[in-house]
Each structure stands twice: as structure tokens, then as C-alpha cells.
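Trainee: Contents of upload21.pdb (PDB, C-alpha atoms, pLDDT in the B column):
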```pdb
ATOM      1  CA  MET A   1     -38.039  -3.983 126.063  1.00 76.00           C
ATOM      2  CA  ARG A   2     -41.022  -2.002 127.351  1.00 83.00           C
ATOM      3  CA  PHE A   3     -41.103   1.378 128.936  1.00 79.00           C
ATOM      4  CA  LYS A   4     -43.852   2.729 131.123  1.00 79.00           C
ATOM      5  CA  ALA A   5     -44.429   6.438 131.256  1.00 72.00           C
ATOM      6  CA  LYS A   6     -46.852   8.771 132.914  1.00 73.00           C
ATOM      7  CA  VAL A   7     -47.371  11.918 130.843  1.00 69.00           C
ATOM      8  CA  ASN A   8     -49.208  14.980 132.030  1.00 73.00           C
ATOM      9  CA  LEU A   9     -50.182  17.848 129.826  1.00 86.00           C
ATOM     10  CA  VAL A  10     -51.889  21.070 130.710  1.00 89.00           C
ATOM     11  CA  ASN A  11     -55.325  22.222 129.766  1.00 91.00           C
ATOM     12  CA  PHE A  12     -55.911  25.948 129.357  1.00 93.00           C
ATOM     13  CA  ASN A  13     -59.517  27.093 129.796  1.00 94.00           C
ATOM     14  CA  LYS A  14     -59.308  29.868 127.203  1.00 94.00           C
ATOM     15  CA  ARG A  15     -63.047  30.684 127.255  1.00 95.00           C
ATOM     16  CA  GLY A  16     -63.052  30.941 131.055  1.00 96.00           C
ATOM     17  CA  PHE A  17     -59.990  33.166 131.012  1.00 95.00           C
ATOM     18  CA  LEU A  18     -61.377  35.465 128.291  1.00 95.00           C
ATOM     19  CA  ASP A  19     -64.697  35.800 130.133  1.00 95.00           C
ATOM     20  CA  HIS A  20     -62.836  36.694 133.330  1.00 95.00           C
ATOM     21  CA  PHE A  21     -60.499  39.031 131.433  1.00 95.00           C
ATOM     22  CA  ASN A  22     -63.376  40.883 129.751  1.00 95.00           C
ATOM     23  CA  THR A  23     -65.232  41.292 133.042  1.00 95.00           C
ATOM     24  CA  ARG A  24     -62.121  42.602 134.780  1.00 95.00           C
ATOM     25  CA  MET A  25     -61.175  44.984 131.977  1.00 95.00           C
ATOM     26  CA  THR A  26     -64.714  46.398 131.927  1.00 96.00           C
ATOM     27  CA  GLU A  27     -64.473  46.989 135.693  1.00 96.00           C
ATOM     28  CA  VAL A  28     -61.048  48.611 135.291  1.00 97.00           C
ATOM     29  CA  SER A  29     -62.403  50.891 132.544  1.00 97.00           C
ATOM     30  CA  LYS A  30     -65.188  52.069 134.863  1.00 98.00           C
ATOM     31  CA  GLU A  31     -62.708  52.597 137.701  1.00 98.00           C
ATOM     32  CA  ALA A  32     -60.408  54.579 135.386  1.00 98.00           C
ATOM     33  CA  ALA A  33     -63.290  56.797 134.253  1.00 98.00           C
ATOM     34  CA  ILE A  34     -64.357  57.424 137.855  1.00 98.00           C
ATOM     35  CA  SER A  35     -60.799  58.328 138.847  1.00 98.00           C
ATOM     36  CA  TRP A  36     -60.532  60.645 135.825  1.00 98.00           C
ATOM     37  CA  LEU A  37     -63.890  62.277 136.630  1.00 98.00           C
ATOM     38  CA  LYS A  38     -62.871  62.839 140.269  1.00 98.00           C
ATOM     39  CA  THR A  39     -59.780  64.666 139.062  1.00 97.00           C
ATOM     40  CA  VAL A  40     -61.230  66.805 136.291  1.00 97.00           C
ATOM     41  CA  THR A  41     -64.606  67.788 137.747  1.00 96.00           C
ATOM     42  CA  VAL A  42     -63.066  69.596 140.723  1.00 94.00           C
ATOM     43  CA  ILE A  43     -61.333  71.905 138.229  1.00 93.00           C
ATOM     44  CA  ILE A  44     -64.491  72.782 136.280  1.00 92.00           C
ATOM     45  CA  PRO A  45     -66.418  75.903 137.382  1.00 85.00           C
ATOM     46  CA  ILE A  46     -70.092  75.511 138.305  1.00 86.00           C
ATOM     47  CA  TRP A  47     -71.339  79.120 137.840  1.00 83.00           C
ATOM     48  CA  SER A  48     -73.948  78.439 135.167  1.00 88.00           C
ATOM     49  CA  ARG A  49     -73.668  74.615 135.426  1.00 93.00           C
ATOM     50  CA  ALA A  50     -73.091  74.270 131.663  1.00 93.00           C
ATOM     51  CA  SER A  51     -69.445  73.160 131.814  1.00 93.00           C
ATOM     52  CA  ILE A  52     -69.885  70.659 134.621  1.00 96.00           C
ATOM     53  CA  ALA A  53     -73.012  69.206 132.991  1.00 97.00           C
ATOM     54  CA  THR A  54     -71.003  68.198 129.913  1.00 97.00           C
ATOM     55  CA  PHE A  55     -69.595  65.358 132.036  1.00 98.00           C
ATOM     56  CA  ASN A  56     -73.038  63.973 132.902  1.00 98.00           C
ATOM     57  CA  GLN A  57     -73.289  61.296 130.210  1.00 98.00           C
ATOM     58  CA  LEU A  58     -69.926  59.760 131.131  1.00 98.00           C
ATOM     59  CA  ALA A  59     -70.691  60.021 134.849  1.00 98.00           C
ATOM     60  CA  GLU A  60     -74.025  58.226 134.446  1.00 98.00           C
ATOM     61  CA  SER A  61     -72.495  55.453 132.340  1.00 98.00           C
ATOM     62  CA  VAL A  62     -69.993  54.548 135.086  1.00 98.00           C
ATOM     63  CA  GLY A  63     -72.114  55.277 138.159  1.00 97.00           C
ATOM     64  CA  PHE A  64     -70.247  58.416 139.249  1.00 98.00           C
ATOM     65  CA  PRO A  65     -72.382  60.834 141.314  1.00 97.00           C
ATOM     66  CA  LEU A  66     -71.759  64.085 139.452  1.00 96.00           C
ATOM     67  CA  ASN A  67     -72.513  67.160 141.542  1.00 93.00           C
ATOM     68  CA  VAL A  68     -73.639  69.910 139.176  1.00 92.00           C
ATOM     69  CA  GLY A  69     -74.281  72.282 142.073  1.00 88.00           C
ATOM     70  CA  ILE A  70     -76.526  75.318 142.058  1.00 88.00           C
ATOM     71  CA  SER A  71     -76.236  77.983 139.402  1.00 84.00           C
ATOM     72  CA  VAL A  72     -74.904  81.279 140.725  1.00 83.00           C
ATOM     73  CA  ALA A  73     -75.031  82.924 137.295  1.00 81.00           C
ATOM     74  CA  SER A  74     -77.938  85.043 136.125  1.00 82.00           C
ATOM     75  CA  VAL A  75     -78.828  82.297 133.632  1.00 87.00           C
ATOM     76  CA  ASP A  76     -78.853  78.580 134.482  1.00 91.00           C
ATOM     77  CA  ARG A  77     -77.319  76.747 131.506  1.00 92.00           C
ATOM     78  CA  LEU A  78     -77.590  73.185 132.788  1.00 94.00           C
ATOM     79  CA  SER A  79     -79.530  72.055 129.710  1.00 96.00           C
ATOM     80  CA  LEU A  80     -76.882  73.539 127.391  1.00 95.00           C
ATOM     81  CA  GLY A  81     -74.192  71.477 129.103  1.00 95.00           C
ATOM     82  CA  LEU A  82     -76.290  68.316 128.981  1.00 97.00           C
ATOM     83  CA  GLN A  83     -76.822  68.803 125.240  1.00 97.00           C
ATOM     84  CA  THR A  84     -73.184  69.461 124.381  1.00 96.00           C
ATOM     85  CA  GLY A  85     -71.410  66.757 126.402  1.00 97.00           C
ATOM     86  CA  ARG A  86     -70.949  63.160 125.337  1.00 98.00           C
ATOM     87  CA  GLY A  87     -69.216  60.304 127.056  1.00 98.00           C
ATOM     88  CA  GLY A  88     -69.339  56.661 127.966  1.00 98.00           C
ATOM     89  CA  LEU A  89     -67.543  53.360 127.969  1.00 97.00           C
ATOM     90  CA  ILE A  90     -65.868  51.828 124.924  1.00 96.00           C
ATOM     91  CA  ILE A  91     -66.062  48.063 125.212  1.00 94.00           C
ATOM     92  CA  GLU A  92     -65.251  45.719 122.334  1.00 93.00           C
ATOM     93  CA  LYS A  93     -65.066  42.227 123.818  1.00 87.00           C
ATOM     94  CA  ASN A  94     -61.584  40.691 123.661  1.00 84.00           C
ATOM     95  CA  GLN A  95     -60.202  43.778 121.890  1.00 90.00           C
ATOM     96  CA  LYS A  96     -60.775  47.190 123.398  1.00 93.00           C
ATOM     97  CA  TRP A  97     -61.756  48.704 126.738  1.00 95.00           C
ATOM     98  CA  GLY A  98     -61.852  52.331 127.768  1.00 96.00           C
ATOM     99  CA  PHE A  99     -63.957  55.439 128.098  1.00 97.00           C
ATOM    100  CA  PHE A 100     -64.452  58.695 126.245  1.00 98.00           C
ATOM    101  CA  TYR A 101     -65.576  62.244 126.920  1.00 98.00           C
ATOM    102  CA  GLU A 102     -66.105  65.030 124.404  1.00 97.00           C
ATOM    103  CA  THR A 103     -67.858  68.355 124.233  1.00 97.00           C
ATOM    104  CA  ASP A 104     -68.422  71.173 121.821  1.00 94.00           C
ATOM    105  CA  LEU A 105     -69.354  73.664 124.543  1.00 93.00           C
ATOM    106  CA  ARG A 106     -67.494  76.753 123.376  1.00 87.00           C
ATOM    107  CA  PHE A 107     -67.235  78.265 126.865  1.00 82.00           C
ATOM    108  CA  LEU A 108     -65.412  75.231 128.199  1.00 89.00           C
ATOM    109  CA  ALA A 109     -63.203  74.899 125.118  1.00 88.00           C
ATOM    110  CA  TRP A 110     -62.118  78.537 125.397  1.00 84.00           C
ATOM    111  CA  ASN A 111     -61.539  78.392 129.140  1.00 85.00           C
ATOM    112  CA  GLU A 112     -59.470  75.223 128.843  1.00 90.00           C
ATOM    113  CA  PHE A 113     -56.607  77.217 127.312  1.00 88.00           C
ATOM    114  CA  ASN A 114     -57.443  80.885 127.953  1.00 82.00           C
ATOM    115  CA  LYS A 115     -58.335  83.178 130.840  1.00 76.00           C
ATOM    116  CA  ALA A 116     -61.552  84.926 129.905  1.00 69.00           C
ATOM    117  CA  THR A 117     -62.294  88.150 131.711  1.00 65.00           C
ATOM    118  CA  ARG A 118     -64.763  90.944 131.172  1.00 60.00           C
ATOM    119  CA  GLY A 119     -63.684  93.253 128.372  1.00 57.00           C
ATOM    120  CA  ASP A 120     -60.965  90.989 126.960  1.00 55.00           C
ATOM    121  CA  GLY A 121     -62.711  90.699 123.603  1.00 54.00           C
ATOM    122  CA  SER A 122     -63.958  87.168 124.148  1.00 54.00           C
ATOM    123  CA  GLY A 123     -67.248  88.576 125.475  1.00 54.00           C
ATOM    124  CA  TRP A 124     -69.524  85.602 125.750  1.00 49.00           C
ATOM    125  CA  TYR A 125     -66.916  83.297 127.311  1.00 52.00           C
ATOM    126  CA  SER A 126     -67.167  84.867 130.739  1.00 52.00           C
ATOM    127  CA  ALA A 127     -69.268  87.578 132.253  1.00 52.00           C
ATOM    128  CA  HIS A 128     -67.345  87.280 135.512  1.00 53.00           C
ATOM    129  CA  ARG A 129     -64.758  89.847 136.465  1.00 51.00           C
ATOM    130  CA  ASP A 130     -62.239  87.130 137.296  1.00 57.00           C
ATOM    131  CA  GLY A 131     -63.076  84.527 134.681  1.00 60.00           C
ATOM    132  CA  PRO A 132     -61.881  80.952 134.753  1.00 67.00           C
ATOM    133  CA  GLY A 133     -58.926  79.624 132.916  1.00 70.00           C
ATOM    134  CA  PRO A 134     -56.818  78.383 131.736  1.00 87.00           C
ATOM    135  CA  LEU A 135     -58.410  75.304 133.286  1.00 90.00           C
ATOM    136  CA  ARG A 136     -56.033  72.673 131.871  1.00 93.00           C
ATOM    137  CA  PHE A 137     -58.379  69.894 133.031  1.00 95.00           C
ATOM    138  CA  GLN A 138     -57.330  67.688 130.099  1.00 96.00           C
ATOM    139  CA  ALA A 139     -53.716  67.629 131.246  1.00 97.00           C
ATOM    140  CA  ALA A 140     -54.787  66.887 134.817  1.00 97.00           C
ATOM    141  CA  GLY A 141     -57.036  64.095 133.575  1.00 97.00           C
ATOM    142  CA  ALA A 142     -54.263  62.612 131.442  1.00 97.00           C
ATOM    143  CA  ALA A 143     -51.878  62.595 134.409  1.00 98.00           C
ATOM    144  CA  ASP A 144     -54.509  60.909 136.574  1.00 98.00           C
ATOM    145  CA  PHE A 145     -55.169  58.276 133.912  1.00 97.00           C
ATOM    146  CA  GLU A 146     -51.462  57.500 133.504  1.00 97.00           C
ATOM    147  CA  SER A 147     -51.069  57.135 137.262  1.00 97.00           C
ATOM    148  CA  PHE A 148     -54.132  54.884 137.430  1.00 97.00           C
ATOM    149  CA  ALA A 149     -52.983  52.741 134.489  1.00 96.00           C
ATOM    150  CA  ARG A 150     -49.554  52.139 136.061  1.00 96.00           C
ATOM    151  CA  GLU A 151     -51.257  50.414 139.008  1.00 96.00           C
ATOM    152  CA  VAL A 152     -53.526  48.132 136.953  1.00 95.00           C
ATOM    153  CA  ARG A 153     -52.594  44.467 136.958  1.00 92.00           C
ATOM    154  CA  LEU A 154     -53.975  42.137 134.338  1.00 88.00           C
ATOM    155  CA  PRO A 155     -55.671  38.909 135.440  1.00 90.00           C
ATOM    156  CA  ASN A 156     -53.310  35.989 135.949  1.00 92.00           C
ATOM    157  CA  PRO A 157     -54.053  33.153 133.517  1.00 93.00           C
ATOM    158  CA  ILE A 158     -52.430  30.542 135.768  1.00 93.00           C
ATOM    159  CA  GLU A 159     -55.707  29.857 137.587  1.00 92.00           C
ATOM    160  CA  PHE A 160     -57.199  28.768 134.252  1.00 94.00           C
ATOM    161  CA  ILE A 161     -54.554  26.079 133.710  1.00 93.00           C
ATOM    162  CA  SER A 162     -55.175  22.575 134.998  1.00 91.00           C
ATOM    163  CA  PRO A 163     -53.323  19.260 134.571  1.00 85.00           C
ATOM    164  CA  LYS A 164     -54.586  16.870 131.945  1.00 78.00           C
ATOM    165  CA  ARG A 165     -53.514  13.253 132.133  1.00 67.00           C
ATOM    166  CA  ILE A 166     -53.174  11.328 128.938  1.00 65.00           C
TER     167      ILE A 166
END
```
Please, can you express the file's structure as C-alpha cells?
Mentor:
Amino acid sequence: MRFKAKVNLVNFNKRGFLDHFNTRMTEVSKEAAISWLKTVTVIIPIWSRASIATFNQLAESVGFPLNVGISVASVDRLSLGLQTGRGGLIIEKNQKWGFFYETDLRFLAWNEFNKATRGDGSGWYSAHRDGPGPLRFQAAGAADFESFAREVRLPNPIEFISPKRI
């Protein structure tokens, strides 16, 4: 007795999917950084331009037009902010995607958690009568990122599956 059978298997284009996945995750990382920057930079004061300039490296790496404004302080500290801010994308193909921002600008670090005003003992943190702070831009940025991440959908691998007749 003989049986005839028609068997179909599936072929998964793993390389095609991973290439698509990496491209999409890189795009999503840039979009997340832009969303984060839009949220946090509106909180940051522009008086001497130092604090806002710390975001420049990240902004440039993702194509975000950072507005550092015009200094209204007696001293323009744009260069100080540019020197003390670091940021960019973190991309490790097939493993890790994201962005980072960091600064060691003491004015911004102080004002993130404290309200600096003239005569409060902090001195160099603010020469303005009504100093900034607490800014809490990190918490605002974290909330924005979580909201953004909830809406991200990973690429569907189904389009990389095709029938294979044997």
C-alpha cells in the first residue's frame, strides 16, 4: 500500500527579521530620546545657558533641535554646559538599544533637588532672587519614557515566515 502526502514546512528568514528588528529598535530609541528631551528641556532654565547646553550632545545624536536661547545672566556659560554634558544612543546590535544623558554640572545637580536662592548658603548655585528648583526633570523624564515605552510595538515576525514545500 502506498500513501501520497504533500508536506509544507515554514521557512523563517531570521537574518531579514533581525535586520528589520535592529533598524526599528534604533528608530524607536531615537524617538524615545526625542520625546524625553521634549519633556525635560522645557523644565530647564536658560539664564546662563549652562544647564540647557548639557543636553546638546544627546540632542545632536538624535537630531533634536535644542534651543539654548539667549543668556540673560551677566555671564554666558554655554561652553561650561557643553563641556559638562554627555549623551547619545546606546546600540548593541541584537542586544541593546537606548539612550543616555549625564552631567556633572553642579548648578544643575543642586537645582534638581533644591531651591537655590540668594543668601541661602549655596551661593554659587543661583545668583537670582527667585532661583530655580527643585526642577525634578529626571522624574518628569522617567514618566515620559514609561509612557512612550508602553506604546511601542515590536516588529511582527510573521512577515518573515514563508511556506517551504518539501
Trainee: Skipping near chain neighbours, those fewer than 4 positions away, what residues fall within 8 Å of region 8-18 of chain A using only C-alpha atoms, listed as a ChimeraX atom specification?
Mentor: /A:22,94,157,160-166
Trainee: Evaluating the PyMOL selection byres ((chain A and resi 23) around 12) on the displayed file yields which residues, as a list in words?
Mentor: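 Selected by the PyMOL selection byres ((chain A and resi 23) around 12) here: Gly16, Phe17, Leu18, Asp19, His20, Phe21, Asn22, Arg24, Met25, Thr26, Glu27, Val28, Ser29, Lys30, Ile91, Glu92, Lys93, Asn94, Trp97, Leu154 and Pro155 of chain A.
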Trainee: List the neighbours of Arg49 (chain A) out to 12 Å using all atoms listed in the file; skip same-chain residues closer than 6 positions along the sequence, and give me the result as number ranges by chain.
Mentor: A: 41, 55-56, 66-82, 105, 107-108
Trainee: Suppose you want the space between CA of Ser147 (chain A) and CA of Gly85 (chain A); what is it in Å?
Mentor: 25.0 Å
Trainee: State, in Å with one decimal place, the distance from CA of Val62 (chain A) to CA of Glu31 (chain A).
Mentor: 8.0 Å
Trainee: For Pro45 (chain A), list every protein, DNA or RNA residue within 10 Å, evaluated using only C-alpha atoms, and leave out those in the same chain fewer than 2 positions away; present the list as a list in words.
Mentor: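 Listing them by chain and then by number gives Thr41, Val42, Ile43, Trp47, Ser48, Arg49, Ala50, Ser51, Ile52, Val68, Gly69, Leu108, Asn111, Gly131, Pro132, Gly133 and Leu135 of chain A.
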Trainee: Based on the selection just made, write C-alpha atoms of those residues as a tab-separated table (two decimals), in the coordinates of the input.
Mentor:
```
chain	number	residue	atom	x	y	z
A	41	THR	CA	-64.61	67.79	137.75
A	42	VAL	CA	-63.07	69.60	140.72
A	43	ILE	CA	-61.33	71.90	138.23
A	47	TRP	CA	-71.34	79.12	137.84
A	48	SER	CA	-73.95	78.44	135.17
A	49	ARG	CA	-73.67	74.61	135.43
A	50	ALA	CA	-73.09	74.27	131.66
A	51	SER	CA	-69.44	73.16	131.81
A	52	ILE	CA	-69.89	70.66	134.62
A	68	VAL	CA	-73.64	69.91	139.18
A	69	GLY	CA	-74.28	72.28	142.07
A	108	LEU	CA	-65.41	75.23	128.20
A	111	ASN	CA	-61.54	78.39	129.14
A	131	GLY	CA	-63.08	84.53	134.68
A	132	PRO	CA	-61.88	80.95	134.75
A	133	GLY	CA	-58.93	79.62	132.92
A	135	LEU	CA	-58.41	75.30	133.29
```
Trainee: Have a look at A:Thr84, A:Phe64, A:Asn156, A:Lys115 and name the one nearest to Trp36 (chain A); count only C-alpha atoms.
Mentor: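 Checking each of A:Thr84, A:Phe64, A:Asn156, A:Lys115 against Trp36 (chain A), counting only C-alpha atoms, the winner is A:Phe64.
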Trainee: Which residue gives the smallest distance to Tyr101 (chain A) among A:Ala139, A:Ile158, A:Leu89, A:Val152, with only C-alpha atoms counted?
Mentor: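 Among A:Ala139, A:Ile158, A:Leu89, A:Val152, it is A:Leu89 that comes nearest to Tyr101 (chain A).
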Trainee: Around all listed atoms of region 83-86 of chain A, padded 4 Å per side, what centre and edge lengths does the axis-aligned box have in Å to one decimal, as JSON?
Mentor:
```
{"center_x": -73.9, "center_y": 66.3, "center_z": 125.4, "size_x": 13.9, "size_y": 14.3, "size_z": 10.0}
```
Trainee: Which residue, A:Gly87, A:Gly63, A:Ile44, A:Glu159, has the smallest gap to Pro134 (chain A) when you use all atoms listed in the file?
Mentor: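 Of the candidates, the smallest distance to Pro134 (chain A) is held by A:Ile44.
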Trainee: Would you kindly return, as an MDAnalysis selection string, each protein, DNA or RNA residue with an atom no farther than 12 Å from any atom of Glu146 (chain A), considering all atoms listed in the file and excluding same-chain residues fewer than 4 positions away?
Mentor: chainID A and resid 32:33 35:36 139:142 150:152
Trainee: Figure out the distance between CA of Phe100 (chain A) and CA of Ser61 (chain A), please, to one decimal in Å.
Mentor: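 Between CA of Ser61 (chain A) and CA of Phe100 (chain A) the gap is 10.6 Å.
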